[in-house]
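K.L.:
Pasting upload_16.cif below, which is mmCIF, C-alpha atoms.
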```
data_final
loop_
_atom_site.group_PDB
_atom_site.id
_atom_site.type_symbol
_atom_site.label_atom_id
_atom_site.label_comp_id
_atom_site.auth_asym_id
_atom_site.auth_seq_id
_atom_site.Cartn_x
_atom_site.Cartn_y
_atom_site.Cartn_z
ATOM 1 C CA MET A 11 10.303 0.647 16.767
ATOM 2 C CA ASN A 12 9.196 2.101 13.441
ATOM 3 C CA HIS A 13 6.050 4.185 13.436
ATOM 4 C CA LEU A 14 4.078 6.627 11.312
ATOM 5 C CA GLU A 15 2.854 9.918 12.760
ATOM 6 C CA THR A 16 0.591 12.650 11.452
ATOM 7 C CA HIS A 17 0.185 15.956 13.269
ATOM 8 C CA LYS A 18 -2.867 18.143 12.678
ATOM 9 C CA LEU A 19 -3.009 16.796 9.126
ATOM 10 C CA GLY A 20 -5.591 18.379 6.861
ATOM 11 C CA LEU A 21 -6.449 18.476 3.182
ATOM 12 C CA SER A 22 -8.730 20.990 1.509
ATOM 13 C CA ARG A 23 -9.906 20.716 -2.080
ATOM 14 C CA ASN A 24 -11.959 23.340 -3.930
ATOM 15 C CA GLY A 25 -12.568 25.122 -0.653
ATOM 16 C CA ASN A 26 -13.877 22.019 1.135
ATOM 17 C CA TRP A 27 -12.018 20.063 3.802
ATOM 18 C CA LEU A 28 -11.799 16.318 3.243
ATOM 19 C CA PHE A 29 -10.190 15.738 6.633
ATOM 20 C CA ARG A 30 -8.656 17.978 9.242
ATOM 21 C CA ASN A 31 -6.719 17.821 12.511
ATOM 22 C CA LEU A 32 -5.849 14.196 11.824
ATOM 23 C CA ASP A 33 -3.475 12.994 14.553
ATOM 24 C CA LEU A 34 -2.214 9.441 14.168
ATOM 25 C CA LYS A 35 0.580 7.351 15.637
ATOM 26 C CA ILE A 36 0.685 3.969 13.903
ATOM 27 C CA PRO A 37 3.248 1.454 15.228
ATOM 28 C CA SER A 38 5.149 -1.078 13.174
ATOM 29 C CA GLY A 39 3.397 -4.368 12.604
ATOM 30 C CA SER A 40 0.050 -2.641 12.085
ATOM 31 C CA LEU A 41 -2.489 -3.001 9.311
ATOM 32 C CA VAL A 42 -4.811 -0.001 9.227
ATOM 33 C CA ALA A 43 -8.019 -0.098 7.181
ATOM 34 C CA ILE A 44 -9.156 3.318 5.958
ATOM 35 C CA LEU A 45 -12.950 3.420 5.737
ATOM 36 C CA GLY A 46 -15.683 5.703 4.473
ATOM 37 C CA PRO A 47 -17.986 6.202 1.498
ATOM 38 C CA SER A 48 -16.683 6.997 -1.978
ATOM 39 C CA GLY A 49 -15.379 10.547 -2.214
ATOM 40 C CA VAL A 50 -14.732 10.931 1.493
ATOM 41 C CA GLY A 51 -10.960 11.226 1.022
ATOM 42 C CA LYS A 52 -9.485 7.745 1.479
ATOM 43 C CA SER A 53 -7.386 7.882 -1.684
ATOM 44 C CA SER A 54 -6.490 11.507 -0.985
ATOM 45 C CA LEU A 55 -5.175 10.595 2.458
ATOM 46 C CA LEU A 56 -3.005 7.865 0.921
ATOM 47 C CA SER A 57 -1.783 10.392 -1.649
ATOM 48 C CA CYS A 58 -0.763 12.756 1.150
ATOM 49 C CA LEU A 59 1.084 9.974 2.959
ATOM 50 C CA SER A 60 2.919 9.040 -0.239
ATOM 51 C CA GLY A 61 3.836 12.644 -1.019
ATOM 52 C CA SER A 62 2.065 12.668 -4.382
ATOM 53 C CA GLU A 63 -0.368 15.264 -3.005
ATOM 54 C CA ILE A 64 0.681 18.026 -0.640
ATOM 55 C CA GLN A 65 -1.442 18.416 2.467
ATOM 56 C CA THR A 66 -3.053 21.793 3.162
ATOM 57 C CA GLU A 67 -1.898 21.823 6.760
ATOM 58 C CA GLY A 68 -0.080 19.691 9.303
ATOM 59 C CA LYS A 69 2.851 17.324 8.867
ATOM 60 C CA ILE A 70 3.675 13.670 8.275
ATOM 61 C CA GLU A 71 6.645 11.881 9.833
ATOM 62 C CA PHE A 72 8.011 8.382 9.395
ATOM 63 C CA HIS A 73 10.084 7.324 12.423
ATOM 64 C CA PHE A 74 12.531 4.423 12.170
ATOM 65 C CA LYS A 75 14.196 2.416 14.929
ATOM 66 C CA ASN A 76 17.630 3.650 13.873
ATOM 67 C CA GLY A 77 16.548 7.109 14.983
ATOM 68 C CA LYS A 78 15.975 8.515 11.507
ATOM 69 C CA VAL A 79 12.876 10.597 10.850
ATOM 70 C CA ARG A 80 11.746 10.929 7.262
ATOM 71 C CA THR A 81 9.073 13.061 5.681
ATOM 72 C CA THR A 82 7.194 12.544 2.425
ATOM 73 C CA GLU A 83 10.063 14.328 0.663
ATOM 74 C CA ASN A 84 12.599 11.599 1.404
ATOM 75 C CA ILE A 85 10.576 8.501 2.288
ATOM 76 C CA ASN A 86 10.643 6.921 -1.198
ATOM 77 C CA PRO A 87 13.227 4.169 -0.534
ATOM 78 C CA GLU A 88 11.144 2.842 2.361
ATOM 79 C CA LEU A 89 7.693 3.280 0.821
ATOM 80 C CA GLY A 90 5.715 0.952 -1.433
ATOM 81 C CA ILE A 91 2.483 1.981 -3.142
ATOM 82 C CA ILE A 92 -0.240 -0.247 -4.571
ATOM 83 C CA PHE A 93 -2.070 2.079 -6.939
ATOM 84 C CA GLN A 94 -5.769 1.739 -7.677
ATOM 85 C CA SER A 95 -4.928 2.495 -11.314
ATOM 86 C CA LEU A 96 -2.294 -0.328 -11.216
ATOM 87 C CA ARG A 97 0.203 1.493 -13.525
ATOM 88 C CA LEU A 98 1.469 -1.647 -15.216
ATOM 89 C CA THR A 99 3.388 -1.890 -18.472
ATOM 90 C CA GLU A 100 1.078 -3.887 -20.728
ATOM 91 C CA HIS A 101 3.585 -4.954 -23.402
ATOM 92 C CA VAL A 102 5.932 -6.881 -21.088
ATOM 93 C CA THR A 103 5.452 -10.099 -19.121
ATOM 94 C CA VAL A 104 3.915 -10.378 -15.683
ATOM 95 C CA LEU A 105 7.316 -11.283 -14.225
ATOM 96 C CA GLU A 106 8.985 -8.303 -15.875
ATOM 97 C CA ASN A 107 6.367 -5.983 -14.404
ATOM 98 C CA VAL A 108 7.223 -7.308 -10.960
ATOM 99 C CA LEU A 109 10.961 -6.925 -11.549
ATOM 100 C CA TYR A 110 10.413 -3.343 -12.676
ATOM 101 C CA GLY A 111 9.543 -2.632 -9.050
ATOM 102 C CA LYS A 112 13.291 -2.279 -8.482
ATOM 103 C CA ILE A 113 14.075 -0.401 -11.685
ATOM 104 C CA ALA A 114 15.099 2.633 -9.635
ATOM 105 C CA LYS A 115 17.740 0.493 -7.908
ATOM 106 C CA TYR A 116 19.120 -1.237 -10.999
ATOM 107 C CA GLY A 117 18.391 1.183 -13.820
ATOM 108 C CA ILE A 118 17.280 0.616 -17.409
ATOM 109 C CA LYS A 119 20.541 -1.149 -18.348
ATOM 110 C CA GLN A 120 19.871 -3.926 -15.838
ATOM 111 C CA SER A 121 16.386 -4.493 -17.221
ATOM 112 C CA ILE A 122 17.889 -5.027 -20.668
ATOM 113 C CA PHE A 123 20.660 -7.440 -19.653
ATOM 114 C CA GLY A 124 18.725 -9.290 -16.961
ATOM 115 C CA PHE A 125 18.143 -9.146 -13.236
ATOM 116 C CA PRO A 126 20.131 -11.106 -10.625
ATOM 117 C CA GLU A 127 18.991 -14.705 -10.206
ATOM 118 C CA GLN A 128 18.160 -14.128 -6.541
ATOM 119 C CA ASP A 129 15.756 -11.340 -7.497
ATOM 120 C CA MET A 130 14.195 -13.520 -10.167
ATOM 121 C CA LYS A 131 13.509 -16.228 -7.575
ATOM 122 C CA HIS A 132 12.130 -13.688 -5.101
ATOM 123 C CA ALA A 133 9.774 -12.205 -7.691
ATOM 124 C CA TYR A 134 8.595 -15.647 -8.764
ATOM 125 C CA GLN A 135 7.903 -16.655 -5.154
ATOM 126 C CA ILE A 136 5.719 -13.589 -4.638
ATOM 127 C CA LEU A 137 3.768 -14.454 -7.779
ATOM 128 C CA LYS A 138 3.373 -17.968 -6.396
ATOM 129 C CA ASP A 139 2.092 -16.598 -3.072
ATOM 130 C CA LEU A 140 -0.495 -14.585 -5.015
ATOM 131 C CA GLY A 141 -1.570 -17.523 -7.161
ATOM 132 C CA ILE A 142 -0.288 -16.236 -10.511
ATOM 133 C CA ALA A 143 3.111 -17.901 -10.896
ATOM 134 C CA HIS A 144 1.752 -19.781 -13.919
ATOM 135 C CA LEU A 145 1.342 -16.395 -15.639
ATOM 136 C CA ALA A 146 4.938 -15.256 -15.042
ATOM 137 C CA HIS A 147 5.910 -15.339 -18.725
ATOM 138 C CA LYS A 148 2.572 -14.270 -20.156
ATOM 139 C CA TRP A 149 2.095 -10.809 -21.635
ATOM 140 C CA THR A 150 0.427 -8.592 -19.070
ATOM 141 C CA SER A 151 -1.998 -7.356 -21.711
ATOM 142 C CA GLN A 152 -3.354 -10.911 -22.001
ATOM 143 C CA THR A 153 -4.255 -11.234 -18.305
ATOM 144 C CA SER A 154 -7.565 -10.468 -16.583
ATOM 145 C CA GLY A 155 -8.318 -7.475 -14.369
ATOM 146 C CA GLY A 156 -7.869 -9.502 -11.204
ATOM 147 C CA GLU A 157 -4.594 -10.969 -12.453
ATOM 148 C CA LYS A 158 -3.340 -7.487 -13.287
ATOM 149 C CA GLN A 159 -4.248 -6.317 -9.795
ATOM 150 C CA ARG A 160 -2.264 -9.150 -8.240
ATOM 151 C CA THR A 161 0.657 -8.342 -10.548
ATOM 152 C CA ALA A 162 0.633 -4.765 -9.281
ATOM 153 C CA ILE A 163 0.561 -6.015 -5.688
ATOM 154 C CA ALA A 164 3.478 -8.365 -6.414
ATOM 155 C CA ARG A 165 5.506 -5.493 -7.901
ATOM 156 C CA THR A 166 5.113 -3.462 -4.706
ATOM 157 C CA LEU A 167 5.894 -6.388 -2.393
ATOM 158 C CA PHE A 168 9.007 -7.159 -4.453
ATOM 159 C CA GLN A 169 10.399 -3.767 -3.416
ATOM 160 C CA SER A 170 10.412 -4.950 0.247
ATOM 161 C CA PRO A 171 9.263 -1.569 1.590
ATOM 162 C CA LYS A 172 8.874 -0.881 5.308
ATOM 163 C CA ILE A 173 5.591 0.959 4.718
ATOM 164 C CA ILE A 174 2.903 -0.062 2.222
ATOM 165 C CA LEU A 175 0.098 2.231 1.074
ATOM 166 C CA ALA A 176 -2.608 0.279 -0.738
ATOM 167 C CA ASP A 177 -5.549 1.938 -2.484
ATOM 168 C CA GLU A 178 -8.382 -0.618 -2.803
ATOM 169 C CA PRO A 179 -5.932 -3.498 -3.416
ATOM 170 C CA VAL A 180 -8.646 -6.172 -3.717
ATOM 171 C CA SER A 181 -11.301 -4.273 -5.661
ATOM 172 C CA ASN A 182 -11.061 -6.600 -8.698
ATOM 173 C CA LEU A 183 -10.686 -9.854 -6.774
ATOM 174 C CA ASP A 184 -13.163 -12.518 -5.749
ATOM 175 C CA THR A 185 -13.683 -13.549 -2.127
ATOM 176 C CA TYR A 186 -10.981 -16.218 -2.178
ATOM 177 C CA TYR A 187 -8.228 -14.068 -3.626
ATOM 178 C CA SER A 188 -9.275 -11.031 -1.578
ATOM 179 C CA GLY A 189 -8.675 -13.101 1.528
ATOM 180 C CA ARG A 190 -5.427 -14.469 0.139
ATOM 181 C CA VAL A 191 -4.043 -10.997 -0.614
ATOM 182 C CA MET A 192 -5.142 -9.536 2.704
ATOM 183 C CA GLY A 193 -3.728 -12.549 4.523
ATOM 184 C CA LEU A 194 -0.381 -11.982 2.825
ATOM 185 C CA LEU A 195 -0.386 -8.319 3.851
ATOM 186 C CA ARG A 196 -1.395 -9.322 7.381
ATOM 187 C CA ASN A 197 1.556 -11.733 7.567
ATOM 188 C CA LEU A 198 3.972 -9.059 6.357
ATOM 189 C CA ALA A 199 2.815 -6.790 9.162
ATOM 190 C CA ASN A 200 3.087 -9.569 11.753
ATOM 191 C CA GLN A 201 6.325 -11.184 10.665
ATOM 192 C CA GLU A 202 8.311 -8.261 9.246
ATOM 193 C CA GLY A 203 6.883 -5.359 11.243
ATOM 194 C CA LYS A 204 5.638 -3.472 8.200
ATOM 195 C CA ILE A 205 3.124 -0.654 8.481
ATOM 196 C CA ILE A 206 0.264 -1.133 6.037
ATOM 197 C CA MET A 207 -2.348 1.537 5.338
ATOM 198 C CA THR A 208 -5.082 0.351 3.016
ATOM 199 C CA ALA A 209 -8.414 1.693 1.794
ATOM 200 C CA LEU A 210 -11.067 -1.008 2.050
ATOM 201 C CA HIS A 211 -14.824 -1.364 1.599
ATOM 202 C CA ASP A 212 -15.548 -4.885 2.793
ATOM 203 C CA PRO A 213 -16.291 -4.943 6.564
ATOM 204 C CA GLN A 214 -15.535 -8.668 6.729
ATOM 205 C CA LEU A 215 -11.990 -8.062 5.485
ATOM 206 C CA VAL A 216 -11.586 -5.296 8.047
ATOM 207 C CA SER A 217 -12.681 -7.516 10.936
ATOM 208 C CA ARG A 218 -10.505 -10.424 9.764
ATOM 209 C CA PHE A 219 -7.266 -8.649 8.957
ATOM 210 C CA ALA A 220 -7.041 -5.096 10.343
ATOM 211 C CA ASP A 221 -5.497 -3.987 13.620
ATOM 212 C CA PHE A 222 -7.063 -0.537 13.395
ATOM 213 C CA ALA A 223 -9.895 1.026 11.416
ATOM 214 C CA LEU A 224 -9.655 4.707 10.501
ATOM 215 C CA SER A 225 -13.086 6.040 9.534
ATOM 216 C CA LEU A 226 -13.390 9.343 7.682
ATOM 217 C CA ASN A 227 -16.612 11.307 8.082
ATOM 218 C CA PRO A 228 -18.131 12.901 4.945
ATOM 219 C CA GLU A 229 -20.199 15.318 7.056
ATOM 220 C CA ASP A 230 -17.464 16.423 9.427
ATOM 221 C CA PRO A 231 -13.785 16.610 8.313
ATOM 222 C CA GLU A 232 -12.725 16.591 11.978
ATOM 223 C CA GLY A 233 -15.077 13.717 12.807
ATOM 224 C CA TRP A 234 -12.594 11.007 11.888
ATOM 225 C CA ASN A 235 -12.272 8.056 14.238
ATOM 226 C CA LEU A 236 -9.483 5.548 14.815
ATOM 227 C CA ARG A 237 -10.578 2.399 16.601
ATOM 228 C CA GLU A 238 -8.765 -0.770 17.507
ATOM 229 C CA VAL A 239 -10.092 -3.821 15.687
ATOM 230 C CA ARG A 240 -7.849 -6.355 17.374
ATOM 231 C CA PRO A 241 -5.682 -5.775 20.489
ATOM 232 C CA LYS A 242 -1.977 -5.581 19.757
ATOM 233 C CA VAL A 243 -0.080 -8.377 21.492
#
```
How does the structure come out when it is put into structure tokens?

P.N.:
Amino acid sequence: MNHLETHKLGLSRNGNWLFRNLDLKIPSGSLVAILGPSGVGKSSLLSCLSGSEIQTEGKIEFHFKNGKVRTTENINPELGIIFQSLRLTEHVTVLENVLYGKIAKYGIKQSIFGFPEQDMKHAYQILKDLGIAHLAHKWTSQTSGGEKQRTAIARTLFQSPKIILADEPVSNLDTYYSGRVMGLLRNLANQEGKIIMTALHDPQLVSRFADFALSLNPEDPEGWNLREVRPKV
């Protein structure tokens, strides 16, 4: 079984600890909501897990059922990130932005001469699941903030990663689409055994979709708490 482990993980910034002695073991098929007020370190924790920020102490390990253990230095092929800043290319279509999720696999040449038909269908189906298939051939610059956010989510899902790190993935979405996105992530955890770590603010979304809630404490970097929201079957 795949799982994510952290051992005595800690991050200090400007002489202050955001979190410390963080010990986690997250099994496959889990959706973990990371909670806490703004500035507590939710995004920073996701950055450590992705390898874009180096932790001050401790280690991070990704264990896979084939026996392989990866660290943040070599996890990239298995890791998908939904950035809060979205990082879309504005002057291409919504569909092209999604297809660019596999640019590392195919290279620039492929993007010029076209992607395989199977990938095109897969990307379009994800857009359909997110309610924006009708925007597939529209310039990304002409879409709304919520539509851009769903495009960024689609791009990450198109990569078919085993682990998804999502930083406030529904911050620009209304209640309906927030539930739709979180339901899709929930299904990916259930049906495909993905591990999903996501920063969230809405307690209703946490209670509806999360397996675990990881709360960070702004007053005590070692006062983090991991609680089970729903029993694992």

K.L.:
When distances are computed from only C-alpha atoms, which of A:Ser154, A:Thr185, A:Ser57, A:Asn107 shows the smallest separation from Thr166 of chain A?

P.N.:
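Closest residue, counting only C-alpha atoms: A:Asn107.
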
K.L.:
Neighbouring residues of segment 80-95 of chain A were defined as those with any atom within 10 Å, considering only C-alpha atoms; residues of the same chain fewer than 4 positions away were excluded. Please report them as a PyMOL selection string.

P.N.:
chain A and resi 14-15+53+56-64+69-74+111+114-115+159-160+162-182+205-209

K.L.:
Any chance you could resolve the PyMOL selection byres ((chain A and resi 36) around 6) against this file and give the residues as a VMD selection string?

P.N.:
chain A and resid 13 to 14 35 37

K.L.:
Around segment 187-191 of chain A, with edges along x, y and z and 3 Å added on all six sides, what centre and edge lengths do you get, in Å to one decimal, as lines of an AutoDock Vina configuration file?

P.N.:
```
center_x = -6.7
center_y = -12.7
center_z = -1.0
size_x = 11.2
size_y = 9.5
size_z = 11.2
```

K.L.:
Evaluate the PyMOL selection byres ((chain A and resi 141) around 9) and record the selected residues as an MDAnalysis selection string, following the chain and residue labels used in the document.

P.N.:
chainID A and resid 136:140 142:144 157 160 187 190

K.L.:
Record the distance separating atom CA of His17 of chain A and atom CA of Asn31 of chain A, expressed in Å with one decimal.

P.N.:
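Those two atoms sit 7.2 Å apart.
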
K.L.:
Between A:Val102, A:Val191, A:Leu109, A:Leu236, which residue has the minimum interatomic distance to Asp129 of chain A, considering all atoms listed in the file?

P.N.:
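Comparing A:Val102, A:Val191, A:Leu109, A:Leu236 against Asp129 of chain A, the winner is A:Leu109.
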
K.L.:
List the residues selected by the PyMOL selection byres ((chain A and resi 232) around 9) in the file shown, writing them as number ranges by chain.

P.N.:
A: 20, 27-32, 226-227, 230-231, 233-235

K.L.:
Output the selection as a PDB file, in the frame of the given file - C-alpha atoms for each residue.

P.N.:
```pdb
ATOM      1  CA  GLY A  20      -5.591  18.379   6.861  1.00  0.00           C
ATOM      2  CA  TRP A  27     -12.018  20.063   3.802  1.00  0.00           C
ATOM      3  CA  LEU A  28     -11.799  16.318   3.243  1.00  0.00           C
ATOM      4  CA  PHE A  29     -10.190  15.738   6.633  1.00  0.00           C
ATOM      5  CA  ARG A  30      -8.656  17.978   9.242  1.00  0.00           C
ATOM      6  CA  ASN A  31      -6.719  17.821  12.511  1.00  0.00           C
ATOM      7  CA  LEU A  32      -5.849  14.196  11.824  1.00  0.00           C
ATOM      8  CA  LEU A 226     -13.390   9.343   7.682  1.00  0.00           C
ATOM      9  CA  ASN A 227     -16.612  11.307   8.082  1.00  0.00           C
ATOM     10  CA  ASP A 230     -17.464  16.423   9.427  1.00  0.00           C
ATOM     11  CA  PRO A 231     -13.785  16.610   8.313  1.00  0.00           C
ATOM     12  CA  GLY A 233     -15.077  13.717  12.807  1.00  0.00           C
ATOM     13  CA  TRP A 234     -12.594  11.007  11.888  1.00  0.00           C
ATOM     14  CA  ASN A 235     -12.272   8.056  14.238  1.00  0.00           C
TER      15      ASN A 235
END
```

K.L.:
Within 12 Å of (14.3, -15.6, -12.4) in the file's own coordinates, which protein, DNA or RNA residues have an atom, counting all atoms listed in the file? List them as a PyMOL selection string.

P.N.:
chain A and resi 105-106+108-109+124-137+143+146-147

K.L.:
Please compute the atom CA of Leu98 of chain A-atom CA of Lys158 of chain A distance, one decimal, in Å.

P.N.:
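Result for atom CA of Leu98 of chain A versus atom CA of Lys158 of chain A: 7.8 Å, one decimal.
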
K.L.:
Report, in Å with one decimal, the straight-line distance from atom CA of Ser54 of chain A to atom CA of Val216 of chain A.

P.N.:
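That distance, rounded to one decimal, is 19.7 Å.
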
K.L.:
Nearest to Gly68 of chain A among A:Thr150, A:Thr16, A:Ser40, A:Ser217, with distances taken over all atoms listed in the file: which residue is it?

P.N.:
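Comparing A:Thr150, A:Thr16, A:Ser40, A:Ser217 against Gly68 of chain A, the winner is A:Thr16.
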
K.L.:
Env of Gly39 of chain A: 10 Å cut, atoms = all atoms listed in the file, seq-sep filter 4 positions within chain, self excluded. Answer as a PDB file with C-alpha atoms, in the frame of the given file.

P.N.:
```
ATOM      1  CA  MET A  11      10.303   0.647  16.767  1.00  0.00           C
ATOM      2  CA  ASN A  12       9.196   2.101  13.441  1.00  0.00           C
ATOM      3  CA  HIS A  13       6.050   4.185  13.436  1.00  0.00           C
ATOM      4  CA  LYS A 172       8.874  -0.881   5.308  1.00  0.00           C
ATOM      5  CA  ILE A 173       5.591   0.959   4.718  1.00  0.00           C
ATOM      6  CA  ARG A 196      -1.395  -9.322   7.381  1.00  0.00           C
ATOM      7  CA  ASN A 197       1.556 -11.733   7.567  1.00  0.00           C
ATOM      8  CA  LEU A 198       3.972  -9.059   6.357  1.00  0.00           C
ATOM      9  CA  ALA A 199       2.815  -6.790   9.162  1.00  0.00           C
ATOM     10  CA  ASN A 200       3.087  -9.569  11.753  1.00  0.00           C
ATOM     11  CA  GLN A 201       6.325 -11.184  10.665  1.00  0.00           C
ATOM     12  CA  GLU A 202       8.311  -8.261   9.246  1.00  0.00           C
ATOM     13  CA  GLY A 203       6.883  -5.359  11.243  1.00  0.00           C
ATOM     14  CA  LYS A 204       5.638  -3.472   8.200  1.00  0.00           C
ATOM     15  CA  ILE A 205       3.124  -0.654   8.481  1.00  0.00           C
ATOM     16  CA  ILE A 206       0.264  -1.133   6.037  1.00  0.00           C
ATOM     17  CA  ASP A 221      -5.497  -3.987  13.620  1.00  0.00           C
ATOM     18  CA  LYS A 242      -1.977  -5.581  19.757  1.00  0.00           C
TER      19      LYS A 242
END
```

K.L.:
Hey, which of A:Leu210, A:Leu215, A:Val239, A:Leu21 ends up closest to Tyr186 of chain A? Count all atoms listed in the file.

P.N.:
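Of A:Leu210, A:Leu215, A:Val239, A:Leu21, the one nearest Tyr186 of chain A, counting all atoms listed in the file, is A:Leu215.
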